[in-house]
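Asker: Right, I'll just put the structure down here and ask away after.
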Amino acid sequence: MKKPIFTGAAVAIITPMKADGSVDYEEFGRFIDWQIENGTDAIVVCGTTGESSTLEVDEHSECIKWCVDYVAGRCAVIAGTGSNSTRTAIELSQEACKDGADALLLVTPYYNKTSQRGLIAHYKAIHDATDKPIILYNVPSRTGMNIQPQTALELSKLPRINGVKEASGNLEQIAEIHELCGDELNIWSGNDDQIYDILERGGLGVISVLSNVCPAETHEIVAKYLDGDKAGSKTMMDKYMKLAKALFCDVNPIPVKEAVNMMGYSAGKCRLPLIDLSEENRAYLESVMQEYGLIK
């Protein structure tokens, strides 16, 4: 059995940015403090929601190191270090390990993609070059690449492949992965609208966009389930479903950054090619945020 890096809700945290597009570390610290105070179980830094794809390599590593140092052991820090280049992923991952990240989150190669055999070779190369637990990240809608159940089984045999963030949306596939791998591959939901469904299929929590605005509530959805209160978990999931979906009214992380701005933090804008919400989507998001009492 592989001990999970965390159970509960990890926030796929935004990266606050100043008007000139640089990382706003002062605001980042304020936001991290609020997350931890409200029960976030782990912080995933420089993931998709953290705009990793538009961070320069040095900036990416600097952001991870800063986050690890700032969190200072208050919760686990999981570093997003995936790339479509195995060599780049190894470099980012080695630096994150050196800088004290608790684990690595590695998205499947995107654009150039690969075969299932290539996926195994890619992850094995990173695994063998590093010394921290690894979470695979399966998000075919962004990468065009799916980790198939048999591939997940082969990867689960590597000692530090700890689990998978499953954002394929395919509940049948997730159930099959759990059936094949059992306790040798922990499963976390990568979709906020499927937290309960994936818990039902052996999941241990979520790596969450929703947690950026509702950390305590997202944690509680998982905690209730794991404590045996399935009905309470389902009720909360149903309650927050509309908000979870509203945060995806445009390409992530455009809506969630705007939502965080609405709440009084200075999250700033996303870097190009991501642009501001349309007036229609902004008005919709604002109305949903008001409905949930997150803004007035």
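A note on labels: chains of the structure tokens are A, B, ... as shown, every chain counts residues from 1, and ligands are counted from 1 in their shown order.
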Which residues come within 8 Å of Ser233 in chain A, counting only C-alpha atoms, excluding same-chain residues fewer than 4 positions away, as number ranges by chain?
Answerer: A: 196, 220-225, 229, 237
Asker: Quick one: residues within 6 Å of range 99-113 of chain A, only C-alpha atoms counted, chain neighbours fewer than 4 positions away excluded, as a list in words?
Answerer: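 These residues fall inside the cut-off: Lys65, Ala76, Val77, Ile78, Ala79, Gly80, Thr81, Gly82, Ser83, Asn84, Lys132, Pro133, Ile134, Ile135, Leu136, Tyr137 and Thr143 of chain A.
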Asker: Could those residues be written to a file, using N, CA, C and O atoms, as a PDB file, in the first residue's frame?
Answerer:
ATOM      1  N   LYS A  65       9.931  27.237  -5.222  1.00  0.00           N
ATOM      2  CA  LYS A  65      10.786  27.390  -4.039  1.00  0.00           C
ATOM      3  C   LYS A  65      10.196  28.387  -3.056  1.00  0.00           C
ATOM      4  O   LYS A  65      10.173  28.154  -1.840  1.00  0.00           O
ATOM      5  N   ALA A  76       1.201  20.095   2.957  1.00  0.00           N
ATOM      6  CA  ALA A  76       2.031  19.586   1.868  1.00  0.00           C
ATOM      7  C   ALA A  76       2.032  20.557   0.692  1.00  0.00           C
ATOM      8  O   ALA A  76       1.009  21.199   0.397  1.00  0.00           O
ATOM      9  N   VAL A  77       3.171  20.676   0.023  1.00  0.00           N
ATOM     10  CA  VAL A  77       3.275  21.452  -1.213  1.00  0.00           C
ATOM     11  C   VAL A  77       3.635  20.500  -2.345  1.00  0.00           C
ATOM     12  O   VAL A  77       4.655  19.802  -2.287  1.00  0.00           O
ATOM     13  N   ILE A  78       2.780  20.467  -3.341  1.00  0.00           N
ATOM     14  CA  ILE A  78       2.960  19.601  -4.502  1.00  0.00           C
ATOM     15  C   ILE A  78       3.303  20.495  -5.689  1.00  0.00           C
ATOM     16  O   ILE A  78       2.558  21.425  -6.016  1.00  0.00           O
ATOM     17  N   ALA A  79       4.429  20.236  -6.320  1.00  0.00           N
ATOM     18  CA  ALA A  79       4.927  21.100  -7.388  1.00  0.00           C
ATOM     19  C   ALA A  79       4.524  20.573  -8.752  1.00  0.00           C
ATOM     20  O   ALA A  79       4.805  19.413  -9.084  1.00  0.00           O
ATOM     21  N   GLY A  80       3.881  21.412  -9.536  1.00  0.00           N
ATOM     22  CA  GLY A  80       3.588  21.070 -10.919  1.00  0.00           C
ATOM     23  C   GLY A  80       4.850  21.218 -11.749  1.00  0.00           C
ATOM     24  O   GLY A  80       5.339  22.329 -11.942  1.00  0.00           O
ATOM     25  N   THR A  81       5.392  20.115 -12.231  1.00  0.00           N
ATOM     26  CA  THR A  81       6.657  20.151 -12.970  1.00  0.00           C
ATOM     27  C   THR A  81       6.595  19.380 -14.280  1.00  0.00           C
ATOM     28  O   THR A  81       7.619  18.974 -14.828  1.00  0.00           O
ATOM     29  N   GLY A  82       5.404  19.175 -14.796  1.00  0.00           N
ATOM     30  CA  GLY A  82       5.249  18.428 -16.035  1.00  0.00           C
ATOM     31  C   GLY A  82       5.604  19.254 -17.255  1.00  0.00           C
ATOM     32  O   GLY A  82       5.608  20.490 -17.222  1.00  0.00           O
ATOM     33  N   SER A  83       5.901  18.572 -18.341  1.00  0.00           N
ATOM     34  CA  SER A  83       6.226  19.227 -19.605  1.00  0.00           C
ATOM     35  C   SER A  83       6.025  18.227 -20.731  1.00  0.00           C
ATOM     36  O   SER A  83       5.999  17.012 -20.508  1.00  0.00           O
ATOM     37  N   ASN A  84       5.911  18.742 -21.968  1.00  0.00           N
ATOM     38  CA  ASN A  84       5.882  17.827 -23.104  1.00  0.00           C
ATOM     39  C   ASN A  84       7.289  17.370 -23.470  1.00  0.00           C
ATOM     40  O   ASN A  84       7.463  16.457 -24.266  1.00  0.00           O
ATOM     41  N   LYS A 132      11.217  12.168  -5.022  1.00  0.00           N
ATOM     42  CA  LYS A 132       9.983  12.498  -4.315  1.00  0.00           C
ATOM     43  C   LYS A 132       8.801  11.757  -4.939  1.00  0.00           C
ATOM     44  O   LYS A 132       8.855  11.332  -6.102  1.00  0.00           O
ATOM     45  N   PRO A 133       7.706  11.601  -4.183  1.00  0.00           N
ATOM     46  CA  PRO A 133       6.507  10.962  -4.740  1.00  0.00           C
ATOM     47  C   PRO A 133       5.970  11.731  -5.947  1.00  0.00           C
ATOM     48  O   PRO A 133       6.084  12.959  -6.015  1.00  0.00           O
ATOM     49  N   ILE A 134       5.373  10.993  -6.849  1.00  0.00           N
ATOM     50  CA  ILE A 134       4.866  11.562  -8.101  1.00  0.00           C
ATOM     51  C   ILE A 134       3.372  11.297  -8.229  1.00  0.00           C
ATOM     52  O   ILE A 134       2.910  10.179  -7.986  1.00  0.00           O
ATOM     53  N   ILE A 135       2.645  12.337  -8.629  1.00  0.00           N
ATOM     54  CA  ILE A 135       1.234  12.203  -9.000  1.00  0.00           C
ATOM     55  C   ILE A 135       1.142  12.396 -10.511  1.00  0.00           C
ATOM     56  O   ILE A 135       1.567  13.430 -11.038  1.00  0.00           O
ATOM     57  N   LEU A 136       0.629  11.401 -11.205  1.00  0.00           N
ATOM     58  CA  LEU A 136       0.352  11.538 -12.631  1.00  0.00           C
ATOM     59  C   LEU A 136      -0.842  12.468 -12.802  1.00  0.00           C
ATOM     60  O   LEU A 136      -1.735  12.502 -11.961  1.00  0.00           O
ATOM     61  N   TYR A 137      -0.871  13.204 -13.900  1.00  0.00           N
ATOM     62  CA  TYR A 137      -1.990  14.119 -14.152  1.00  0.00           C
ATOM     63  C   TYR A 137      -2.567  13.791 -15.522  1.00  0.00           C
ATOM     64  O   TYR A 137      -1.926  14.009 -16.550  1.00  0.00           O
ATOM     65  N   THR A 143      -4.483  18.000 -23.158  1.00  0.00           N
ATOM     66  CA  THR A 143      -3.241  17.439 -23.690  1.00  0.00           C
ATOM     67  C   THR A 143      -3.425  16.588 -24.938  1.00  0.00           C
ATOM     68  O   THR A 143      -2.465  16.342 -25.666  1.00  0.00           O
TER      69      THR A 143
END
Asker: Select from range 5-227 of chain A everything DSSP, run on the backbone, classes as alpha helix (DSSP H), then give the selection as a VMD selection string.
Answerer: chain A and resid 25 to 37 57 to 71 86 to 98 116 to 129 140 to 143 149 to 156 171 to 181 195 to 199 215 to 226
Asker: What's the 12 Å shell around Ile43 in chain A, counting only C-alpha atoms, without same-chain residues fewer than 5 positions away, as a PyMOL selection string?
Answerer: chain A and resi 5-6+8-15+28+31-36+49-50+64+67-68+70-80+101-105+206-209+211-212+215
Asker: I'd like to know which of A:Trp188, A:Cys181, A:Leu247, A:Ser61 is closest to Val288 in chain A, using only C-alpha atoms.
Answerer: A:Leu247
Asker: Can you pull out every residue within 9 Å of Pro255 in chain A, counting only C-alpha atoms, but drop anything in the same chain fewer than 3 positions away, and send it as number ranges by chain?
Answerer: A: 246-252, 258-260, 276-277, 281-282, 285
Asker: What's the separation between CA of Gly228 in chain A and CA of Asp193 in chain A, in Å to one decimal place?
Answerer: 20.1 Å
Asker: A:Glu279, A:Glu176, A:Glu291, A:Glu59: which is nearest Thr151 in chain A, counting only C-alpha atoms?
Answerer: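 Of A:Glu279, A:Glu176, A:Glu291, A:Glu59, the one nearest Thr151 in chain A, counting only C-alpha atoms, is A:Glu176.
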Asker: Residues of range 89-245 of chain A in strand (DSSP E) according to DSSP, as a ChimeraX atom specification?
Answerer: /A:103-107,134-138,161-166,186-189,205-208
Asker: Given the choices A:Leu155, A:Ala89, A:Val139, A:Val23, which gets closest to Arg117 in chain A if the distance is worked out from only C-alpha atoms?
Answerer: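 The shortest atom-to-atom distance to Arg117 in chain A comes from A:Leu155.
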Asker: Considering only C-alpha atoms, can you say which of A:Ala216, A:Thr7, A:Leu158, A:Thr88 comes closest to Gly202 in chain A?
Answerer: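 Between A:Ala216, A:Thr7, A:Leu158, A:Thr88, the residue approaching Gly202 in chain A most closely is A:Thr7.
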Asker: Using only C-alpha atoms, can you tell me which of A:Ile198, A:Cys214, A:Met263, A:Ile254 comes closest to Ser278 in chain A?
Answerer: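 Answer, going by the shortest atom-to-atom distance: A:Ile254.
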